[in-house]
file input16.txt (compact mmCIF, N, CA and C atoms)
# COMPACT_ATOMS: atom_id res chain seq x y z
N MET A 1 37.30 2.99 0.04
CA MET A 1 38.20 1.95 -0.40
C MET A 1 38.56 2.13 -1.89
N LEU A 2 37.57 2.47 -2.70
CA LEU A 2 37.80 2.66 -4.13
C LEU A 2 38.78 3.80 -4.39
N ASP A 3 38.82 4.77 -3.47
CA ASP A 3 39.71 5.92 -3.64
C ASP A 3 41.19 5.53 -3.57
N THR A 4 41.48 4.39 -3.01
CA THR A 4 42.86 3.90 -2.96
C THR A 4 43.35 3.50 -4.35
N PHE A 5 42.44 2.96 -5.15
CA PHE A 5 42.81 2.44 -6.48
C PHE A 5 42.57 3.44 -7.60
N ILE A 6 41.53 4.23 -7.48
CA ILE A 6 41.24 5.26 -8.48
C ILE A 6 41.44 6.60 -7.78
N THR A 7 42.57 7.22 -8.04
CA THR A 7 42.96 8.39 -7.28
C THR A 7 42.26 9.67 -7.71
N SER A 8 41.78 9.74 -8.94
CA SER A 8 41.06 10.93 -9.39
C SER A 8 39.63 10.89 -8.85
N ARG A 9 39.26 11.89 -8.06
CA ARG A 9 37.93 11.96 -7.46
C ARG A 9 36.84 11.97 -8.53
N VAL A 10 37.05 12.76 -9.58
CA VAL A 10 36.05 12.87 -10.66
C VAL A 10 35.93 11.54 -11.39
N ARG A 11 37.06 10.92 -11.73
CA ARG A 11 37.03 9.64 -12.43
C ARG A 11 36.34 8.57 -11.59
N ARG A 12 36.62 8.58 -10.30
CA ARG A 12 35.99 7.62 -9.39
C ARG A 12 34.47 7.77 -9.40
N LYS A 13 33.99 9.01 -9.34
CA LYS A 13 32.55 9.25 -9.36
C LYS A 13 31.93 8.77 -10.68
N ILE A 14 32.62 9.01 -11.77
CA ILE A 14 32.12 8.60 -13.08
C ILE A 14 32.06 7.08 -13.17
N VAL A 15 33.12 6.42 -12.75
CA VAL A 15 33.16 4.95 -12.79
C VAL A 15 32.05 4.36 -11.92
N VAL A 16 31.80 4.95 -10.78
CA VAL A 16 30.74 4.46 -9.90
C VAL A 16 29.38 4.58 -10.59
N VAL A 17 29.10 5.73 -11.17
CA VAL A 17 27.80 5.93 -11.84
C VAL A 17 27.61 4.94 -12.97
N TYR A 18 28.59 4.83 -13.85
CA TYR A 18 28.44 3.95 -15.01
C TYR A 18 28.53 2.47 -14.65
N SER A 19 29.15 2.14 -13.54
CA SER A 19 29.20 0.74 -13.11
C SER A 19 27.89 0.32 -12.44
N LYS A 20 27.35 1.21 -11.62
CA LYS A 20 26.09 0.89 -10.93
C LYS A 20 24.91 0.88 -11.89
N TYR A 21 24.96 1.73 -12.90
CA TYR A 21 23.86 1.87 -13.85
C TYR A 21 24.38 1.71 -15.27
N PRO A 22 24.64 0.47 -15.69
CA PRO A 22 25.27 0.24 -16.99
C PRO A 22 24.43 0.67 -18.20
N ASP A 23 23.14 0.88 -18.02
CA ASP A 23 22.30 1.34 -19.14
C ASP A 23 22.16 2.86 -19.18
N PHE A 24 22.84 3.53 -18.28
CA PHE A 24 22.78 4.99 -18.15
C PHE A 24 23.47 5.65 -19.34
N LYS A 25 22.79 6.62 -19.94
CA LYS A 25 23.38 7.41 -21.04
C LYS A 25 23.18 8.88 -20.71
N THR A 26 24.24 9.66 -20.87
CA THR A 26 24.12 11.09 -20.61
C THR A 26 25.22 11.85 -21.33
N HIS A 27 25.04 13.15 -21.35
CA HIS A 27 26.06 14.05 -21.92
C HIS A 27 26.82 14.70 -20.76
N VAL A 28 27.84 15.44 -21.09
CA VAL A 28 28.74 16.00 -20.08
C VAL A 28 27.99 16.85 -19.05
N ARG A 29 27.15 17.74 -19.51
CA ARG A 29 26.45 18.65 -18.58
C ARG A 29 25.47 17.90 -17.67
N GLY A 30 24.81 16.88 -18.20
CA GLY A 30 23.90 16.08 -17.38
C GLY A 30 24.65 15.35 -16.28
N LEU A 31 25.82 14.82 -16.63
CA LEU A 31 26.65 14.13 -15.65
C LEU A 31 27.21 15.12 -14.62
N ALA A 32 27.55 16.32 -15.08
CA ALA A 32 28.07 17.35 -14.17
C ALA A 32 27.03 17.69 -13.11
N LYS A 33 25.78 17.80 -13.51
CA LYS A 33 24.70 18.07 -12.55
C LYS A 33 24.55 16.93 -11.57
N LEU A 34 24.60 15.72 -12.08
CA LEU A 34 24.38 14.53 -11.26
C LEU A 34 25.46 14.35 -10.19
N ILE A 35 26.72 14.47 -10.58
CA ILE A 35 27.80 14.21 -9.63
C ILE A 35 28.40 15.49 -9.04
N LYS A 36 27.82 16.62 -9.42
CA LYS A 36 28.22 17.93 -8.86
C LYS A 36 29.71 18.20 -8.99
N GLU A 37 30.18 18.09 -10.22
CA GLU A 37 31.57 18.39 -10.55
C GLU A 37 31.62 19.30 -11.77
N ASP A 38 32.75 19.91 -12.01
CA ASP A 38 32.95 20.81 -13.13
C ASP A 38 32.90 20.06 -14.46
N ALA A 39 32.16 20.60 -15.42
CA ALA A 39 31.98 19.95 -16.72
C ALA A 39 33.31 19.76 -17.46
N GLY A 40 34.24 20.69 -17.31
CA GLY A 40 35.54 20.56 -17.97
C GLY A 40 36.33 19.37 -17.45
N ASN A 41 36.33 19.18 -16.13
CA ASN A 41 37.01 18.04 -15.54
C ASN A 41 36.34 16.73 -15.95
N ILE A 42 35.02 16.75 -15.98
CA ILE A 42 34.27 15.56 -16.38
C ILE A 42 34.59 15.18 -17.82
N GLN A 43 34.60 16.17 -18.68
CA GLN A 43 34.87 15.90 -20.10
C GLN A 43 36.25 15.27 -20.28
N ARG A 44 37.24 15.77 -19.57
CA ARG A 44 38.60 15.22 -19.65
C ARG A 44 38.62 13.76 -19.19
N GLU A 45 37.94 13.47 -18.09
CA GLU A 45 37.91 12.09 -17.57
C GLU A 45 37.10 11.17 -18.47
N LEU A 46 36.01 11.66 -19.04
CA LEU A 46 35.21 10.85 -19.97
C LEU A 46 36.05 10.44 -21.18
N LYS A 47 36.85 11.36 -21.69
CA LYS A 47 37.71 11.05 -22.83
C LYS A 47 38.73 9.97 -22.46
N LYS A 48 39.29 10.06 -21.26
CA LYS A 48 40.26 9.05 -20.81
C LYS A 48 39.59 7.68 -20.67
N LEU A 49 38.39 7.67 -20.10
CA LEU A 49 37.68 6.40 -19.91
C LEU A 49 37.21 5.81 -21.24
N GLU A 50 36.90 6.68 -22.19
CA GLU A 50 36.53 6.20 -23.53
C GLU A 50 37.76 5.62 -24.23
N LYS A 51 38.88 6.30 -24.10
CA LYS A 51 40.12 5.81 -24.72
C LYS A 51 40.52 4.45 -24.14
N ALA A 52 40.28 4.26 -22.84
CA ALA A 52 40.60 2.99 -22.18
C ALA A 52 39.63 1.89 -22.59
N GLY A 53 38.45 2.27 -23.11
CA GLY A 53 37.48 1.28 -23.55
C GLY A 53 36.32 1.06 -22.59
N PHE A 54 36.32 1.75 -21.44
CA PHE A 54 35.26 1.58 -20.46
C PHE A 54 33.96 2.23 -20.92
N LEU A 55 34.08 3.36 -21.64
CA LEU A 55 32.90 4.07 -22.13
C LEU A 55 32.88 4.12 -23.65
N ILE A 56 31.68 4.32 -24.18
CA ILE A 56 31.48 4.51 -25.62
C ILE A 56 30.72 5.83 -25.76
N SER A 57 31.00 6.56 -26.83
CA SER A 57 30.25 7.79 -27.06
C SER A 57 29.64 7.75 -28.45
N GLU A 58 28.57 8.51 -28.60
CA GLU A 58 27.95 8.67 -29.91
C GLU A 58 27.38 10.07 -29.99
N ARG A 59 27.34 10.57 -31.19
CA ARG A 59 26.78 11.91 -31.41
C ARG A 59 25.28 11.81 -31.56
N GLN A 60 24.57 12.69 -30.88
CA GLN A 60 23.13 12.85 -31.03
C GLN A 60 22.90 14.33 -31.28
N GLY A 61 22.82 14.68 -32.55
CA GLY A 61 22.75 16.09 -32.92
C GLY A 61 24.08 16.75 -32.62
N ASN A 62 24.03 17.82 -31.84
CA ASN A 62 25.25 18.54 -31.46
C ASN A 62 25.84 18.04 -30.15
N THR A 63 25.22 17.03 -29.58
CA THR A 63 25.63 16.55 -28.26
C THR A 63 26.32 15.19 -28.35
N LYS A 64 27.34 15.02 -27.54
CA LYS A 64 28.02 13.73 -27.44
C LYS A 64 27.51 13.03 -26.20
N VAL A 65 26.95 11.84 -26.39
CA VAL A 65 26.36 11.08 -25.29
C VAL A 65 27.28 9.90 -24.97
N TYR A 66 27.53 9.68 -23.67
CA TYR A 66 28.40 8.60 -23.21
C TYR A 66 27.59 7.52 -22.53
N TYR A 67 28.02 6.28 -22.73
CA TYR A 67 27.39 5.15 -22.06
C TYR A 67 28.42 4.05 -21.85
N THR A 68 28.07 3.10 -21.00
CA THR A 68 28.99 2.04 -20.59
C THR A 68 29.22 1.04 -21.71
N ASN A 69 30.46 0.65 -21.90
CA ASN A 69 30.80 -0.43 -22.81
C ASN A 69 30.72 -1.73 -22.01
N LYS A 70 29.59 -2.41 -22.11
CA LYS A 70 29.37 -3.63 -21.32
C LYS A 70 30.29 -4.77 -21.77
N HIS A 71 30.94 -4.60 -22.91
CA HIS A 71 31.87 -5.62 -23.40
C HIS A 71 33.32 -5.30 -23.04
N PHE A 72 33.53 -4.25 -22.26
CA PHE A 72 34.86 -3.89 -21.79
C PHE A 72 35.42 -5.09 -21.04
N ILE A 73 36.65 -5.41 -21.30
CA ILE A 73 37.25 -6.67 -20.84
C ILE A 73 37.12 -6.90 -19.33
N ILE A 74 37.18 -5.84 -18.53
CA ILE A 74 37.07 -6.03 -17.07
C ILE A 74 35.82 -5.36 -16.50
N PHE A 75 34.81 -5.14 -17.34
CA PHE A 75 33.61 -4.44 -16.86
C PHE A 75 32.95 -5.16 -15.68
N LYS A 76 32.72 -6.45 -15.78
CA LYS A 76 32.04 -7.19 -14.71
C LYS A 76 32.83 -7.14 -13.41
N GLU A 77 34.14 -7.27 -13.50
CA GLU A 77 34.98 -7.22 -12.32
C GLU A 77 34.96 -5.82 -11.69
N LEU A 78 35.05 -4.80 -12.53
CA LEU A 78 35.02 -3.43 -12.04
C LEU A 78 33.67 -3.12 -11.40
N GLN A 79 32.61 -3.57 -12.03
CA GLN A 79 31.27 -3.38 -11.48
C GLN A 79 31.16 -4.05 -10.11
N SER A 80 31.68 -5.24 -9.99
CA SER A 80 31.65 -5.97 -8.74
C SER A 80 32.43 -5.23 -7.65
N ILE A 81 33.58 -4.70 -7.99
CA ILE A 81 34.40 -3.95 -7.04
C ILE A 81 33.65 -2.71 -6.55
N VAL A 82 33.04 -1.99 -7.48
CA VAL A 82 32.29 -0.78 -7.12
C VAL A 82 31.15 -1.12 -6.16
N LEU A 83 30.38 -2.14 -6.49
CA LEU A 83 29.24 -2.51 -5.65
C LEU A 83 29.69 -2.99 -4.27
N LYS A 84 30.76 -3.78 -4.24
CA LYS A 84 31.27 -4.27 -2.95
C LYS A 84 31.81 -3.12 -2.09
N SER A 85 32.53 -2.20 -2.70
CA SER A 85 33.09 -1.11 -1.91
C SER A 85 31.98 -0.18 -1.41
N GLN A 86 30.90 -0.04 -2.15
CA GLN A 86 29.79 0.77 -1.66
C GLN A 86 29.06 0.09 -0.51
N ARG A 87 28.91 -1.22 -0.60
CA ARG A 87 28.30 -1.97 0.51
C ARG A 87 29.16 -1.88 1.76
N ALA A 88 30.47 -1.98 1.60
CA ALA A 88 31.39 -1.88 2.74
C ALA A 88 31.31 -0.49 3.37
N ALA A 89 31.22 0.53 2.55
CA ALA A 89 31.11 1.90 3.07
C ALA A 89 29.80 2.09 3.84
N GLN A 90 28.73 1.51 3.34
CA GLN A 90 27.44 1.59 4.04
C GLN A 90 27.50 0.89 5.39
N LYS A 91 28.14 -0.27 5.43
CA LYS A 91 28.27 -1.00 6.69
C LYS A 91 29.09 -0.22 7.71
N ARG A 92 30.16 0.44 7.23
CA ARG A 92 30.99 1.26 8.12
C ARG A 92 30.17 2.42 8.69
N GLN A 93 29.33 3.04 7.86
CA GLN A 93 28.51 4.16 8.31
C GLN A 93 27.47 3.71 9.33
N GLN A 94 26.91 2.52 9.13
CA GLN A 94 25.89 2.00 10.04
C GLN A 94 26.48 1.64 11.39
N SER A 95 27.73 1.21 11.41
CA SER A 95 28.33 0.79 12.66
C SER A 95 28.89 1.96 13.48
N VAL A 96 28.91 3.13 12.88
CA VAL A 96 29.44 4.32 13.60
C VAL A 96 28.40 4.91 14.51
call {"tool": "encode", "arguments": {"input": "input16.txt", "output": "structure tokens"}}
result
Amino acid sequence: MLDTFITSRVRRKIVVVYSKYPDFKTHVRGLAKLIKEDAGNIQRELKKLEKAGFLISERQGNTKVYYTNKHFIIFKELQSIVLKSQRAAQKRQQSV
């Protein structure tokens, strides 16, 4: 269901991770391992999500770490949508 509204597969995966786990902090390569996507694509999407205000980044040494902006104007609503769509997907899988 979420794929209807967020058309980029990589962006959708990133939004799901950061919405489900708002205290999660990671760098590009760590996220690439977790969601099994190309680091270059992830970096591009992280920059877009940071520019939109959904994510915040900070430098830790030579590494840029990203985390959820819990004060993002629609964070709670987006988090709710992600959780609901995952529950709906689980119910569909169980009924098959």
call {"tool": "closest_residue", "arguments": {"input": "input16.txt", "among": "A:Ala88, A:Pro22, A:Gln93, A:Leu34", "to": "Asn69 of chain A", "atoms": "only N, CA and C atoms"}}
result
A:Pro22
call {"tool": "residues_around", "arguments": {"input": "input16.txt", "residues": "segment 40-56 of chain A", "least_positions_apart": "6", "cutoff": "7 Å", "atoms": "only C-alpha atoms", "output": "list in words"}}
result
Val10, Arg11, Val28, Ala32, Tyr66, Tyr67, Thr68, Asn69 and Phe72 of chain A
call {"tool": "select_by_dssp", "arguments": {"input": "input16.txt", "residues": "chain A", "states": "strand (DSSP E)", "output": "PyMOL selection string"}}
result
chain A and resi 25-26+55-60+63-68
call {"tool": "residues_around", "arguments": {"input": "input16.txt", "residues": "segment 14-21 of chain A", "least_positions_apart": "2", "cutoff": "6.5 Å", "atoms": "only N, CA and C atoms", "output": "mmCIF file with N, CA and C atoms, in the frame of the given file"}}
result
data_model
loop_
_atom_site.group_PDB
_atom_site.id
_atom_site.type_symbol
_atom_site.label_atom_id
_atom_site.label_comp_id
_atom_site.auth_asym_id
_atom_site.auth_seq_id
_atom_site.Cartn_x
_atom_site.Cartn_y
_atom_site.Cartn_z
ATOM 1 N N ARG A 9 39.260 11.890 -8.060
ATOM 2 C CA ARG A 9 37.930 11.960 -7.460
ATOM 3 C C ARG A 9 36.840 11.970 -8.530
ATOM 4 N N VAL A 10 37.050 12.760 -9.580
ATOM 5 C CA VAL A 10 36.050 12.870 -10.660
ATOM 6 C C VAL A 10 35.930 11.540 -11.390
ATOM 7 N N ARG A 11 37.060 10.920 -11.730
ATOM 8 C CA ARG A 11 37.030 9.640 -12.430
ATOM 9 C C ARG A 11 36.340 8.570 -11.590
ATOM 10 N N ARG A 12 36.620 8.580 -10.300
ATOM 11 C CA ARG A 12 35.990 7.620 -9.390
ATOM 12 C C ARG A 12 34.470 7.770 -9.400
ATOM 13 N N ASP A 23 23.140 0.880 -18.020
ATOM 14 C CA ASP A 23 22.300 1.340 -19.140
ATOM 15 C C ASP A 23 22.160 2.860 -19.180
ATOM 16 N N PHE A 24 22.840 3.530 -18.280
ATOM 17 C CA PHE A 24 22.780 4.990 -18.150
ATOM 18 C C PHE A 24 23.470 5.650 -19.340
ATOM 19 N N THR A 68 28.070 3.100 -21.000
ATOM 20 C CA THR A 68 28.990 2.040 -20.590
ATOM 21 C C THR A 68 29.220 1.040 -21.710
ATOM 22 N N LEU A 78 35.050 -4.800 -12.530
ATOM 23 C CA LEU A 78 35.020 -3.430 -12.040
ATOM 24 C C LEU A 78 33.670 -3.120 -11.400
ATOM 25 N N GLN A 79 32.610 -3.570 -12.030
ATOM 26 C CA GLN A 79 31.270 -3.380 -11.480
ATOM 27 C C GLN A 79 31.160 -4.050 -10.110
ATOM 28 N N VAL A 82 33.040 -1.990 -7.480
ATOM 29 C CA VAL A 82 32.290 -0.780 -7.120
ATOM 30 C C VAL A 82 31.150 -1.120 -6.160
#
call {"tool": "atom_distance", "arguments": {"input": "input16.txt", "atom1": "atom CA of Lys25 of chain A", "atom2": "atom CA of Arg87 of chain A"}}
result
24.0 Å
call {"tool": "atom_distance", "arguments": {"input": "input16.txt", "atom1": "atom CA of Ile35 of chain A", "atom2": "atom C of Lys13 of chain A"}}
result
6.9 Å
call {"tool": "select_by_dssp", "arguments": {"input": "input16.txt", "residues": "segment 11-75 of chain A", "states": "alpha helix (DSSP H)", "output": "number ranges by chain"}}
result
A: 11-20, 28-35, 39-52, 75
call {"tool": "write_last_selection", "arguments": {"input": "input16.txt", "atoms": "N, CA and C atoms", "output": "compact mmCIF listing (two decimals), keeping the file's coordinate frame"}}
result
# COMPACT_ATOMS: atom_id res chain seq x y z
N ARG A 11 37.06 10.92 -11.73
CA ARG A 11 37.03 9.64 -12.43
C ARG A 11 36.34 8.57 -11.59
N ARG A 12 36.62 8.58 -10.30
CA ARG A 12 35.99 7.62 -9.39
C ARG A 12 34.47 7.77 -9.40
N LYS A 13 33.99 9.01 -9.34
CA LYS A 13 32.55 9.25 -9.36
C LYS A 13 31.93 8.77 -10.68
N ILE A 14 32.62 9.01 -11.77
CA ILE A 14 32.12 8.60 -13.08
C ILE A 14 32.06 7.08 -13.17
N VAL A 15 33.12 6.42 -12.75
CA VAL A 15 33.16 4.95 -12.79
C VAL A 15 32.05 4.36 -11.92
N VAL A 16 31.80 4.95 -10.78
CA VAL A 16 30.74 4.46 -9.90
C VAL A 16 29.38 4.58 -10.59
N VAL A 17 29.10 5.73 -11.17
CA VAL A 17 27.80 5.93 -11.84
C VAL A 17 27.61 4.94 -12.97
N TYR A 18 28.59 4.83 -13.85
CA TYR A 18 28.44 3.95 -15.01
C TYR A 18 28.53 2.47 -14.65
N SER A 19 29.15 2.14 -13.54
CA SER A 19 29.20 0.74 -13.11
C SER A 19 27.89 0.32 -12.44
N LYS A 20 27.35 1.21 -11.62
CA LYS A 20 26.09 0.89 -10.93
C LYS A 20 24.91 0.88 -11.89
N VAL A 28 27.84 15.44 -21.09
CA VAL A 28 28.74 16.00 -20.08
C VAL A 28 27.99 16.85 -19.05
N ARG A 29 27.15 17.74 -19.51
CA ARG A 29 26.45 18.65 -18.58
C ARG A 29 25.47 17.90 -17.67
N GLY A 30 24.81 16.88 -18.20
CA GLY A 30 23.90 16.08 -17.38
C GLY A 30 24.65 15.35 -16.28
N LEU A 31 25.82 14.82 -16.63
CA LEU A 31 26.65 14.13 -15.65
C LEU A 31 27.21 15.12 -14.62
N ALA A 32 27.55 16.32 -15.08
CA ALA A 32 28.07 17.35 -14.17
C ALA A 32 27.03 17.69 -13.11
N LYS A 33 25.78 17.80 -13.51
CA LYS A 33 24.70 18.07 -12.55
C LYS A 33 24.55 16.93 -11.57
N LEU A 34 24.60 15.72 -12.08
CA LEU A 34 24.38 14.53 -11.26
C LEU A 34 25.46 14.35 -10.19
N ILE A 35 26.72 14.47 -10.58
CA ILE A 35 27.80 14.21 -9.63
C ILE A 35 28.40 15.49 -9.04
N ALA A 39 32.16 20.60 -15.42
CA ALA A 39 31.98 19.95 -16.72
C ALA A 39 33.31 19.76 -17.46
N GLY A 40 34.24 20.69 -17.31
CA GLY A 40 35.54 20.56 -17.97
C GLY A 40 36.33 19.37 -17.45
N ASN A 41 36.33 19.18 -16.13
CA ASN A 41 37.01 18.04 -15.54
C ASN A 41 36.34 16.73 -15.95
N ILE A 42 35.02 16.75 -15.98
CA ILE A 42 34.27 15.56 -16.38
C ILE A 42 34.59 15.18 -17.82
N GLN A 43 34.60 16.17 -18.68
CA GLN A 43 34.87 15.90 -20.10
C GLN A 43 36.25 15.27 -20.28
N ARG A 44 37.24 15.77 -19.57
CA ARG A 44 38.60 15.22 -19.65
C ARG A 44 38.62 13.76 -19.19
N GLU A 45 37.94 13.47 -18.09
CA GLU A 45 37.91 12.09 -17.57
C GLU A 45 37.10 11.17 -18.47
N LEU A 46 36.01 11.66 -19.04
CA LEU A 46 35.21 10.85 -19.97
C LEU A 46 36.05 10.44 -21.18
N LYS A 47 36.85 11.36 -21.69
CA LYS A 47 37.71 11.05 -22.83
C LYS A 47 38.73 9.97 -22.46
N LYS A 48 39.29 10.06 -21.26
CA LYS A 48 40.26 9.05 -20.81
C LYS A 48 39.59 7.68 -20.67
N LEU A 49 38.39 7.67 -20.10
CA LEU A 49 37.68 6.40 -19.91
C LEU A 49 37.21 5.81 -21.24
N GLU A 50 36.90 6.68 -22.19
CA GLU A 50 36.53 6.20 -23.53
C GLU A 50 37.76 5.62 -24.23
N LYS A 51 38.88 6.30 -24.10
CA LYS A 51 40.12 5.81 -24.72
C LYS A 51 40.52 4.45 -24.14
N ALA A 52 40.28 4.26 -22.84
CA ALA A 52 40.60 2.99 -22.18
C ALA A 52 39.63 1.89 -22.59
N PHE A 75 34.81 -5.14 -17.34
CA PHE A 75 33.61 -4.44 -16.86
C PHE A 75 32.95 -5.16 -15.68
call {"tool": "atom_distance", "arguments": {"input": "input16.txt", "atom1": "atom CA of Thr63 of chain A", "atom2": "atom CA of Ser8 of chain A"}}
result
25.0 Å
call {"tool": "axis_aligned_box", "arguments": {"input": "input16.txt", "around": "segment 46-55 of chain A", "padding_each_side": "5 Å", "output": "lines of an AutoDock Vina configuration file"}}
result
center_x = 36.7
center_y = 6.4
center_z = -21.9
size_x = 17.7
size_y = 20.6
size_z = 15.7
